[in-house]
$ cat run02.tsv   # TSV, C-alpha atoms
chain	number	residue	atom	x	y	z
B	1	MET	CA	158.01	57.35	38.66
B	2	ILE	CA	158.42	58.66	42.21
B	3	LYS	CA	160.36	56.16	44.31
B	4	GLY	CA	161.75	55.76	47.81
B	5	SER	CA	160.81	57.25	51.15
B	6	ILE	CA	157.72	59.41	50.77
B	7	VAL	CA	156.71	61.18	53.96
B	8	ALA	CA	153.02	61.55	54.70
B	9	ILE	CA	153.80	64.87	56.32
B	10	VAL	CA	151.94	66.25	59.33
B	11	THR	CA	150.22	69.62	59.19
B	12	PRO	CA	151.80	71.79	61.91
B	13	MET	CA	149.26	73.65	64.04
B	14	HIS	CA	149.43	76.06	66.92
B	15	ALA	CA	147.85	75.27	70.29
B	16	ASP	CA	144.58	76.87	69.15
B	17	GLY	CA	144.46	74.67	66.03
B	18	SER	CA	145.40	77.40	63.56
B	19	LEU	CA	147.75	76.36	60.75
B	20	ASP	CA	151.47	76.96	61.30
B	21	TYR	CA	152.85	77.78	57.86
B	22	PRO	CA	156.38	78.72	59.03
B	23	GLY	CA	156.45	75.38	60.84
B	24	LEU	CA	155.46	73.59	57.65
B	25	GLN	CA	158.23	75.35	55.72
B	26	LYS	CA	160.72	74.28	58.39
B	27	LEU	CA	159.62	70.66	58.03
B	28	VAL	CA	159.80	70.74	54.22
B	29	ASP	CA	163.35	72.13	54.32
B	30	TRP	CA	164.35	69.54	56.94
B	31	HIS	CA	163.00	66.64	54.90
B	32	ILE	CA	164.85	67.79	51.81
B	33	ALA	CA	168.07	68.11	53.80
B	34	GLU	CA	167.58	64.66	55.34
B	35	GLY	CA	167.06	62.90	52.00
B	36	THR	CA	163.30	62.33	51.94
B	37	ASP	CA	162.41	61.44	48.34
B	38	SER	CA	158.93	62.97	48.13
B	39	ILE	CA	156.27	64.63	50.31
B	40	VAL	CA	152.55	63.90	50.55
B	41	ILE	CA	150.71	66.97	51.81
B	42	VAL	CA	147.20	66.85	53.36
B	43	GLY	CA	146.91	63.10	53.45
B	44	THR	CA	145.53	61.24	56.46
B	45	THR	CA	148.57	62.13	58.57
B	46	GLY	CA	148.15	65.74	57.44
B	47	GLU	CA	144.67	65.83	59.02
B	48	SER	CA	142.85	66.27	55.73
B	49	ALA	CA	139.64	65.36	57.56
B	50	THR	CA	139.81	68.44	59.82
B	51	VAL	CA	140.96	71.20	57.46
B	52	SER	CA	138.54	73.22	55.36
B	53	VAL	CA	138.59	73.05	51.57
B	54	GLU	CA	140.19	76.51	51.50
B	55	GLU	CA	142.89	75.42	53.95
B	56	HIS	CA	143.40	72.18	52.05
B	57	CYS	CA	144.14	74.10	48.85
B	58	ALA	CA	146.30	76.64	50.66
B	59	LEU	CA	148.43	73.86	52.17
B	60	ILE	CA	149.01	72.31	48.75
B	61	LYS	CA	150.00	75.65	47.23
B	62	ALA	CA	152.26	76.52	50.16
B	63	THR	CA	154.07	73.18	50.11
B	64	VAL	CA	154.73	73.36	46.38
B	65	GLY	CA	156.11	76.86	46.94
B	66	TYR	CA	158.32	75.81	49.86
B	67	ALA	CA	159.73	72.86	47.91
B	68	LYS	CA	160.70	75.06	44.93
B	69	GLY	CA	161.07	72.04	42.68
B	70	ARG	CA	163.68	70.39	44.92
B	71	ILE	CA	161.46	67.41	45.72
B	72	PRO	CA	158.27	65.97	44.17
B	73	ILE	CA	155.07	67.03	45.94
B	74	ILE	CA	152.11	64.66	46.01
B	75	ALA	CA	148.86	66.37	46.96
B	76	GLY	CA	146.19	64.52	48.90
B	77	THR	CA	143.05	65.17	46.86
B	78	GLY	CA	140.70	62.36	47.80
B	79	GLY	CA	137.08	62.65	48.82
B	80	ASN	CA	133.93	60.61	49.16
B	81	SER	CA	132.33	62.93	46.62
B	82	THR	CA	133.71	62.39	43.12
B	83	GLU	CA	132.98	66.00	42.20
B	84	GLU	CA	134.92	67.30	45.21
B	85	ALA	CA	137.84	64.95	44.50
B	86	ILE	CA	137.98	66.25	40.92
B	87	LYS	CA	137.97	69.86	42.11
B	88	LEU	CA	140.79	69.22	44.59
B	89	THR	CA	142.81	67.33	41.99
B	90	ARG	CA	142.30	70.11	39.46
B	91	TYR	CA	143.51	72.64	42.05
B	92	ALA	CA	146.57	70.50	42.81
B	93	LYS	CA	147.52	70.53	39.14
B	94	GLU	CA	147.08	74.29	38.92
B	95	ALA	CA	149.20	74.72	42.07
B	96	GLY	CA	152.06	72.74	40.52
B	97	ALA	CA	151.85	69.43	42.41
B	98	ASP	CA	153.65	66.52	40.74
B	99	ALA	CA	150.96	63.93	41.48
B	100	ALA	CA	147.78	63.42	43.48
B	101	LEU	CA	147.00	60.81	46.14
B	102	SER	CA	143.33	59.87	45.97
B	103	VAL	CA	141.76	57.75	48.70
B	104	VAL	CA	138.99	55.20	48.26
B	105	PRO	CA	135.73	57.04	49.00
B	106	TYR	CA	134.91	56.71	52.69
B	107	TYR	CA	131.65	56.40	54.63
B	108	ASN	CA	129.39	55.85	51.61
B	109	ARG	CA	130.87	52.35	50.99
B	110	PRO	CA	130.91	52.16	47.18
B	111	THR	CA	130.98	48.85	45.33
B	112	GLN	CA	134.04	47.81	43.33
B	113	GLU	CA	132.37	49.20	40.21
B	114	GLY	CA	131.64	52.44	42.05
B	115	MET	CA	135.32	52.74	43.02
B	116	PHE	CA	136.38	52.07	39.44
B	117	GLN	CA	134.04	54.71	38.04
B	118	HIS	CA	135.08	57.23	40.74
B	119	PHE	CA	138.79	57.01	39.92
B	120	LYS	CA	138.15	56.76	36.19
B	121	ALA	CA	136.20	60.04	36.33
B	122	ILE	CA	139.03	61.79	38.19
B	123	SER	CA	141.70	60.55	35.77
B	124	GLU	CA	139.64	61.66	32.79
B	125	ALA	CA	138.89	65.08	34.25
B	126	VAL	CA	142.41	66.10	35.28
B	127	ASP	CA	145.73	65.55	33.52
B	128	LEU	CA	147.75	64.82	36.65
B	129	PRO	CA	149.29	61.48	37.69
B	130	ILE	CA	146.96	59.78	40.17
B	131	ILE	CA	148.14	57.46	42.95
B	132	LEU	CA	145.28	55.39	44.35
B	133	TYR	CA	145.07	54.99	48.12
B	134	ASN	CA	143.51	51.91	49.70
B	135	VAL	CA	143.19	52.11	53.49
B	136	PRO	CA	140.19	49.97	54.50
B	137	GLY	CA	140.95	50.44	58.19
B	138	ARG	CA	139.80	54.04	57.75
B	139	THR	CA	137.43	53.97	54.77
B	140	VAL	CA	135.71	50.61	55.53
B	141	ALA	CA	135.44	50.11	51.75
B	142	ASP	CA	138.30	47.88	50.51
B	143	MET	CA	139.43	48.15	46.90
B	144	SER	CA	140.21	44.69	45.51
B	145	ASN	CA	143.33	43.79	43.57
B	146	GLU	CA	141.11	43.12	40.58
B	147	THR	CA	139.82	46.70	40.67
B	148	VAL	CA	143.35	48.06	41.01
B	149	VAL	CA	144.44	46.07	37.96
B	150	ARG	CA	141.53	47.50	35.95
B	151	LEU	CA	142.45	51.02	37.02
B	152	ALA	CA	146.15	50.48	36.30
B	153	ALA	CA	145.25	50.11	32.64
B	154	LEU	CA	143.87	53.67	32.51
B	155	PRO	CA	146.07	56.59	31.40
B	156	GLY	CA	146.95	58.87	34.29
B	157	ILE	CA	146.59	56.29	37.07
B	158	VAL	CA	150.20	55.55	37.94
B	159	GLY	CA	150.32	53.82	41.30
B	160	LEU	CA	148.75	52.61	44.53
B	161	LYS	CA	149.41	53.28	48.19
B	162	ASP	CA	148.51	49.95	49.81
B	163	ALA	CA	147.82	50.46	53.50
B	164	THR	CA	146.30	47.02	54.09
B	165	GLY	CA	149.51	45.58	55.56
B	166	ASN	CA	148.65	42.31	53.80
B	167	ILE	CA	151.94	41.18	52.26
B	168	GLY	CA	150.48	38.18	50.43
B	169	ARG	CA	147.98	40.46	48.77
B	170	GLY	CA	150.76	42.91	47.91
B	171	TYR	CA	152.87	40.16	46.33
B	172	ASP	CA	149.94	39.11	44.19
B	173	LEU	CA	149.26	42.68	43.08
B	174	LEU	CA	152.89	43.23	42.08
B	175	ARG	CA	152.59	40.14	39.89
B	176	LEU	CA	149.47	41.42	38.16
B	177	VAL	CA	150.05	45.12	37.47
B	178	PRO	CA	152.24	46.55	34.66
B	179	LYS	CA	155.87	47.29	35.53
B	180	SER	CA	155.14	50.97	34.91
B	181	PHE	CA	152.58	50.97	37.76
B	182	ALA	CA	154.11	51.81	41.16
B	183	VAL	CA	153.01	49.91	44.25
B	184	TYR	CA	153.88	51.77	47.46
B	185	SER	CA	153.49	50.52	50.99
B	186	GLY	CA	151.27	52.61	53.21
B	187	ASP	CA	152.01	50.47	56.26
B	188	ASP	CA	155.36	51.10	57.96
B	189	PRO	CA	155.68	47.71	59.74
B	190	SER	CA	155.35	45.74	56.48
B	191	ALA	CA	156.96	48.25	54.10
B	192	LEU	CA	160.34	46.54	53.97
B	193	ALA	CA	158.82	43.23	52.88
B	194	LEU	CA	156.77	44.89	50.12
B	195	MET	CA	159.80	46.76	48.76
B	196	LEU	CA	161.93	43.62	48.74
B	197	ALA	CA	159.18	42.04	46.63
B	198	GLY	CA	159.31	44.86	44.09
B	199	GLY	CA	157.43	47.76	45.69
B	200	GLN	CA	158.62	51.22	44.66
B	201	GLY	CA	158.70	52.86	48.07
B	202	ASN	CA	156.94	53.64	51.31
B	203	ILE	CA	154.45	56.42	52.02
B	204	SER	CA	155.41	56.69	55.64
B	205	VAL	CA	154.38	58.05	59.02
B	206	THR	CA	157.71	57.06	60.60
B	207	ALA	CA	159.56	59.22	58.07
B	208	ASN	CA	158.12	62.27	59.85
B	209	VAL	CA	160.51	61.72	62.74
B	210	ALA	CA	163.25	59.57	61.16
B	211	PRO	CA	163.57	60.87	57.58
B	212	ARG	CA	167.23	59.98	57.05
B	213	ALA	CA	166.82	56.43	58.34
B	214	MET	CA	163.70	55.82	56.26
B	215	HIS	CA	165.38	57.16	53.12
B	216	GLU	CA	168.37	54.89	53.67
B	217	MET	CA	166.18	51.87	54.44
B	218	CYS	CA	164.08	52.34	51.30
B	219	LYS	CA	167.20	52.90	49.20
B	220	ALA	CA	168.82	49.72	50.51
B	221	ALA	CA	165.65	47.65	50.12
B	222	MET	CA	165.08	48.67	46.51
B	223	ALA	CA	168.76	48.06	45.71
B	224	GLY	CA	168.52	44.53	47.11
B	225	ASP	CA	170.87	45.24	50.03
B	226	ILE	CA	168.86	43.10	52.41
B	227	ALA	CA	171.29	43.15	55.33
B	228	ARG	CA	171.50	46.95	55.36
B	229	ALA	CA	167.74	47.38	54.94
B	230	VAL	CA	166.98	44.94	57.77
B	231	GLU	CA	169.51	46.60	60.08
B	232	ILE	CA	167.91	50.02	59.63
B	233	ASN	CA	164.38	48.66	59.81
B	234	ASN	CA	165.15	46.90	63.08
B	235	ARG	CA	166.34	50.19	64.55
B	236	VAL	CA	163.22	52.13	63.60
B	237	PHE	CA	160.72	49.30	64.08
B	238	PRO	CA	159.66	50.49	67.56
B	239	LEU	CA	158.61	53.74	65.88
B	240	HIS	CA	156.52	51.79	63.36
B	241	GLN	CA	154.66	50.36	66.34
B	242	LYS	CA	154.51	53.18	68.89
B	243	LEU	CA	153.52	55.91	66.42
B	244	PHE	CA	150.21	54.05	66.22
B	245	ILE	CA	149.74	53.61	69.97
B	246	GLU	CA	146.85	56.06	69.54
B	247	PRO	CA	145.18	57.10	66.27
B	248	ASN	CA	147.51	58.70	63.74
B	249	PRO	CA	148.61	61.54	63.71
B	250	VAL	CA	148.29	62.03	67.47
B	251	PRO	CA	151.50	60.17	68.46
B	252	VAL	CA	153.65	61.49	65.59
B	253	LYS	CA	152.68	65.10	66.29
B	254	TRP	CA	153.53	64.61	69.95
B	255	ALA	CA	156.86	63.05	68.92
B	256	LEU	CA	157.76	65.98	66.65
B	257	ALA	CA	156.93	68.40	69.45
B	258	GLU	CA	159.08	66.36	71.84
B	259	MET	CA	161.93	66.63	69.31
B	260	GLY	CA	161.48	70.41	69.26
B	261	MET	CA	160.43	70.46	65.60
B	262	MET	CA	156.99	72.10	66.00
B	263	PRO	CA	154.12	72.75	68.42
B	264	ALA	CA	151.84	69.80	69.19
B	265	GLY	CA	148.61	71.45	68.02
B	266	LEU	CA	145.69	69.27	66.91
B	267	ARG	CA	142.07	69.83	66.01
B	268	LEU	CA	139.11	68.14	67.63
B	269	PRO	CA	137.98	65.40	67.62
B	270	LEU	CA	141.69	64.52	67.99
B	271	VAL	CA	143.09	65.17	71.46
B	272	PRO	CA	146.68	65.18	72.77
B	273	LEU	CA	148.53	61.91	73.33
B	274	ALA	CA	147.58	60.35	76.66
B	275	ALA	CA	150.22	60.85	79.34
B	276	GLU	CA	150.57	57.10	79.91
B	277	CYS	CA	151.79	56.75	76.29
B	278	HIS	CA	154.55	59.36	76.50
B	279	ASP	CA	157.30	57.09	77.81
B	280	ALA	CA	156.67	54.43	75.15
B	281	VAL	CA	156.89	56.92	72.27
B	282	ARG	CA	159.90	58.66	73.83
B	283	ALA	CA	161.71	55.31	74.20
B	284	ALA	CA	161.05	54.47	70.54
B	285	LEU	CA	162.49	57.83	69.48
B	286	ARG	CA	165.62	57.15	71.49
B	287	GLU	CA	166.01	53.60	70.20
B	288	ALA	CA	165.78	54.91	66.64
B	289	GLY	CA	168.52	57.42	67.42
B	290	VAL	CA	166.48	60.51	66.53
B	291	MET	CA	166.40	61.93	70.06
B	292	PRO	CA	168.98	61.80	72.87
$ encode --input "run02.tsv" --output "structure tokens"
Amino acid sequence: MIKGSIVAIVTPMHADGSLDYPGLQKLVDWHIAEGTDSIVIVGTTGESATVSVEEHCALIKATVGYAKGRIPIIAGTGGNSTEEAIKLTRYAKEAGADAALSVVPYYNRPTQEGMFQHFKAISEAVDLPIILYNVPGRTVADMSNETVVRLAALPGIVGLKDATGNIGRGYDLLRLVPKSFAVYSGDDPSALALMLAGGQGNISVTANVAPRAMHEMCKAAMAGDIARAVEINNRVFPLHQKLFIEPNPVPVKWALAEMGMMPAGLRLPLVPLAAECHDAVRAALREAGVMP
């Protein structure tokens, strides 16, 4: 079971939107040095919606190669087409990824039974651990706890990234799923509470800019060191808020560029962070101690 601080890593791009592979390698090495426990490549924060299928696969392969077995790599392989999700998951396995993160199908608004059959088909088609990803704020379709419990009983489906931010719902899910099934927070502001209730980690945007702090916070929370976990979380909490001042990953890519870690390239329809938001994000970086 993968545990701890799992960064939903950005995809570095040049000003013209082309992929910056040396920049990605730099970030992977930095995260390993800073204690990040695992990396999700080409998830939502990695702009999976704007890269081509060929680029998507190339990013998975490159990240596995950069990591060289030093850290588990979770490949984003979701899609609103079950066939495409299976193909991406199959590629991730061939590329050497340790697990796949598969989002609830978006736009076509499947029923709960449709979601169940979608993920069941993926798990049966590819022998790779599957982490479900429920983010109704983006997909509109919301996978119920009852559907998650059904899926948790299937071989190969090993966890859930819960990006609802609903702690009561998370508590109930932790009560219902097997102990072998990992429940991860996908919502930085509420991640500490979910881990203190038994969650196995946080798939994080904030970890992009504060990897050491997020690793230490997750470690303390899962060890039951509440005082230490709260102290760190209080320090980075402004980042949890300000990195969503505009749609993710716009603010976090601007922040990484401000820290000198990479260029701030994006692809349309995303546009650079509005100038009036710069001071707020910069202040959060300073309060968290990641930038002078």
$ atom_distance --input "run02.tsv" --atom1 "atom CA of B:Ala193" --atom2 "atom CA of B:Gly224"
11.4 Å
$ residues_around --input "run02.tsv" --residues "stretch 53-59 of chain B" --least-positions-apart "3" --cutoff "8 Å" --atoms "only C-alpha atoms" --output "list of chain:residue names"
B:Ile41, B:Val42, B:Ser48, B:Ala62, B:Thr63, B:Leu88, B:Tyr91, B:Ala92
$ closest_atom_pairs --input "run02.tsv" --of "stretch 178-259 of chain B" --to "stretch 278-289 of chain B" --cutoff "12 Å" --atoms "all atoms listed in the file" --output "JSON lines"
{"residue": "B:Thr206", "atom": "CA", "partner": "B:Leu285", "partner_atom": "CA", "distance": 10.1}
{"residue": "B:Ala207", "atom": "CA", "partner": "B:Ala288", "partner_atom": "CA", "distance": 11.4}
{"residue": "B:Asn208", "atom": "CA", "partner": "B:Leu285", "partner_atom": "CA", "distance": 11.5}
{"residue": "B:Val209", "atom": "CA", "partner": "B:Leu285", "partner_atom": "CA", "distance": 8.0}
{"residue": "B:Ala210", "atom": "CA", "partner": "B:Ala288", "partner_atom": "CA", "distance": 7.6}
{"residue": "B:Pro211", "atom": "CA", "partner": "B:Ala288", "partner_atom": "CA", "distance": 11.1}
{"residue": "B:Arg212", "atom": "CA", "partner": "B:Gly289", "partner_atom": "CA", "distance": 10.8}
{"residue": "B:Ala213", "atom": "CA", "partner": "B:Ala288", "partner_atom": "CA", "distance": 8.5}
{"residue": "B:Met214", "atom": "CA", "partner": "B:Ala288", "partner_atom": "CA", "distance": 10.6}
{"residue": "B:Glu231", "atom": "CA", "partner": "B:Ala288", "partner_atom": "CA", "distance": 11.2}
{"residue": "B:Ile232", "atom": "CA", "partner": "B:Ala288", "partner_atom": "CA", "distance": 8.8}
{"residue": "B:Asn233", "atom": "CA", "partner": "B:Ala288", "partner_atom": "CA", "distance": 9.4}
{"residue": "B:Asn234", "atom": "CA", "partner": "B:Ala288", "partner_atom": "CA", "distance": 8.8}
{"residue": "B:Arg235", "atom": "CA", "partner": "B:Ala288", "partner_atom": "CA", "distance": 5.2}
{"residue": "B:Val236", "atom": "CA", "partner": "B:Ala288", "partner_atom": "CA", "distance": 4.9}
{"residue": "B:Phe237", "atom": "CA", "partner": "B:Ala288", "partner_atom": "CA", "distance": 8.0}
{"residue": "B:Pro238", "atom": "CA", "partner": "B:Ala284", "partner_atom": "CA", "distance": 5.2}
{"residue": "B:Leu239", "atom": "CA", "partner": "B:Ala284", "partner_atom": "CA", "distance": 5.3}
{"residue": "B:His240", "atom": "CA", "partner": "B:Ala284", "partner_atom": "CA", "distance": 8.9}
{"residue": "B:Gln241", "atom": "CA", "partner": "B:Ala284", "partner_atom": "CA", "distance": 8.7}
{"residue": "B:Lys242", "atom": "CA", "partner": "B:Val281", "partner_atom": "CA", "distance": 5.6}
{"residue": "B:Leu243", "atom": "CA", "partner": "B:Val281", "partner_atom": "CA", "distance": 6.8}
{"residue": "B:Phe244", "atom": "CA", "partner": "B:Val281", "partner_atom": "CA", "distance": 9.5}
{"residue": "B:Ile245", "atom": "CA", "partner": "B:Val281", "partner_atom": "CA", "distance": 8.2}
{"residue": "B:Glu246", "atom": "CA", "partner": "B:Val281", "partner_atom": "CA", "distance": 10.4}
{"residue": "B:Val250", "atom": "CA", "partner": "B:Val281", "partner_atom": "CA", "distance": 11.1}
{"residue": "B:Pro251", "atom": "CA", "partner": "B:Val281", "partner_atom": "CA", "distance": 7.4}
{"residue": "B:Val252", "atom": "CA", "partner": "B:Val281", "partner_atom": "CA", "distance": 8.7}
{"residue": "B:Lys253", "atom": "CA", "partner": "B:Val281", "partner_atom": "CA", "distance": 11.0}
{"residue": "B:Trp254", "atom": "CA", "partner": "B:His278", "partner_atom": "CA", "distance": 8.5}
{"residue": "B:Ala255", "atom": "CA", "partner": "B:Val281", "partner_atom": "CA", "distance": 7.0}
{"residue": "B:Leu256", "atom": "CA", "partner": "B:Leu285", "partner_atom": "CA", "distance": 9.8}
{"residue": "B:Ala257", "atom": "CA", "partner": "B:Arg282", "partner_atom": "CA", "distance": 11.1}
{"residue": "B:Glu258", "atom": "CA", "partner": "B:Arg282", "partner_atom": "CA", "distance": 8.0}
{"residue": "B:Met259", "atom": "CA", "partner": "B:Leu285", "partner_atom": "CA", "distance": 8.8}
$ atom_distance --input "run02.tsv" --atom1 "atom CA of B:Met195" --atom2 "atom CA of B:Ala141"
24.8 Å
$ atom_distance --input "run02.tsv" --atom1 "atom CA of B:Arg228" --atom2 "atom CA of B:Val205"
20.7 Å
$ closest_residue --input "run02.tsv" --among "B:Gly137, B:Gly201, B:Gly260, B:Pro189" --to "B:Gly159" --atoms "all atoms listed in the file"
B:Gly201
$ residues_around --input "run02.tsv" --residues "B:Asn202" --least-positions-apart "4" --cutoff "7 Å" --atoms "only C-alpha atoms" --output "CSV table (one decimal) with C-alpha atoms, in the frame of the given file"
chain,number,residue,atom,x,y,z
B,4,GLY,CA,161.8,55.8,47.8
B,5,SER,CA,160.8,57.2,51.2
B,6,ILE,CA,157.7,59.4,50.8
B,184,TYR,CA,153.9,51.8,47.5
B,185,SER,CA,153.5,50.5,51.0
B,186,GLY,CA,151.3,52.6,53.2
B,191,ALA,CA,157.0,48.2,54.1
$ closest_residue --input "run02.tsv" --among "B:Tyr107, B:Ile39, B:Arg150, B:Ile122" --to "B:Gly78" --atoms "only C-alpha atoms"
B:Ile122
$ closest_residue --input "run02.tsv" --among "B:Ile32, B:Val158, B:Ala8, B:Met143" --to "B:Gly114" --atoms "all atoms listed in the file"
B:Met143
$ residues_near_point --input "run02.tsv" --point "(144.8, 67.2, 31.2)" --cutoff "12 Å" --atoms "only C-alpha atoms" --output "MDAnalysis selection string"
chainID B and resid 86 89:90 93:94 122:130 155:156
$ closest_residue --input "run02.tsv" --among "B:Ala153, B:Met217, B:Ile203, B:Leu173" --to "B:Val7" --atoms "all atoms listed in the file"
B:Ile203
$ closest_residue --input "run02.tsv" --among "B:Thr147, B:Ala75, B:Leu192, B:Arg138" --to "B:Ala227" --atoms "all atoms listed in the file"
B:Leu192
$ closest_residue --input "run02.tsv" --among "B:Thr45, B:Gly165, B:Gly23, B:Ile2" --to "B:Pro263" --atoms "all atoms listed in the file"
B:Gly23
$ residues_around --input "run02.tsv" --residues "B:Ala95" --least-positions-apart "5" --cutoff "8 Å" --atoms "all atoms listed in the file" --output "list of chain:residue names"
B:Ile60, B:Lys61, B:Val64
$ residues_around --input "run02.tsv" --residues "B:Asn166" --least-positions-apart "5" --cutoff "10 Å" --atoms "all atoms listed in the file" --output "count of residues only"
5
$ decode --input "run02.tsv" --residues "stretch 219-227 of chain B" --atoms "all heavy atoms" --output "compact mmCIF listing (two decimals), in the first residue's frame"
# COMPACT_ATOMS: atom_id res chain seq x y z
N LYS B 219 3.20 12.27 7.63
CA LYS B 219 3.87 11.31 8.51
C LYS B 219 3.39 11.47 9.95
O LYS B 219 3.05 10.50 10.63
CB LYS B 219 5.38 11.51 8.43
CG LYS B 219 6.20 10.57 9.30
CD LYS B 219 7.70 10.88 9.13
CE LYS B 219 8.56 10.03 10.06
NZ LYS B 219 10.00 10.35 9.89
N ALA B 220 3.32 12.71 10.42
CA ALA B 220 2.88 12.99 11.78
C ALA B 220 1.41 12.60 11.97
O ALA B 220 1.03 11.99 12.98
CB ALA B 220 3.09 14.45 12.13
N ALA B 221 0.58 12.94 10.99
CA ALA B 221 -0.86 12.65 11.10
C ALA B 221 -1.10 11.15 11.19
O ALA B 221 -1.88 10.68 12.03
CB ALA B 221 -1.60 13.24 9.91
N MET B 222 -0.44 10.38 10.34
CA MET B 222 -0.68 8.94 10.33
C MET B 222 -0.05 8.23 11.53
O MET B 222 -0.45 7.13 11.90
CB MET B 222 -0.17 8.34 9.02
CG MET B 222 -1.02 8.79 7.82
SD MET B 222 -0.62 7.92 6.29
CE MET B 222 1.05 8.49 6.02
N ALA B 223 0.91 8.91 12.18
CA ALA B 223 1.51 8.36 13.40
C ALA B 223 0.75 8.78 14.65
O ALA B 223 1.09 8.37 15.76
CB ALA B 223 2.96 8.81 13.50
N GLY B 224 -0.27 9.62 14.47
CA GLY B 224 -1.06 10.08 15.61
C GLY B 224 -0.44 11.22 16.38
O GLY B 224 -0.88 11.55 17.48
N ASP B 225 0.59 11.86 15.80
CA ASP B 225 1.22 13.02 16.44
C ASP B 225 0.43 14.26 16.04
O ASP B 225 0.81 15.02 15.14
CB ASP B 225 2.68 13.12 16.01
CG ASP B 225 3.46 14.20 16.77
OD1 ASP B 225 2.82 15.01 17.47
OD2 ASP B 225 4.70 14.22 16.65
N ILE B 226 -0.68 14.46 16.74
CA ILE B 226 -1.63 15.50 16.34
C ILE B 226 -1.01 16.89 16.44
O ILE B 226 -1.17 17.72 15.53
CB ILE B 226 -2.91 15.41 17.19
CG1 ILE B 226 -3.60 14.07 16.93
CG2 ILE B 226 -3.86 16.55 16.86
CD1 ILE B 226 -4.80 13.81 17.83
N ALA B 227 -0.31 17.17 17.51
CA ALA B 227 0.25 18.51 17.70
C ALA B 227 1.21 18.87 16.57
O ALA B 227 1.16 19.99 16.02
CB ALA B 227 0.97 18.60 19.05
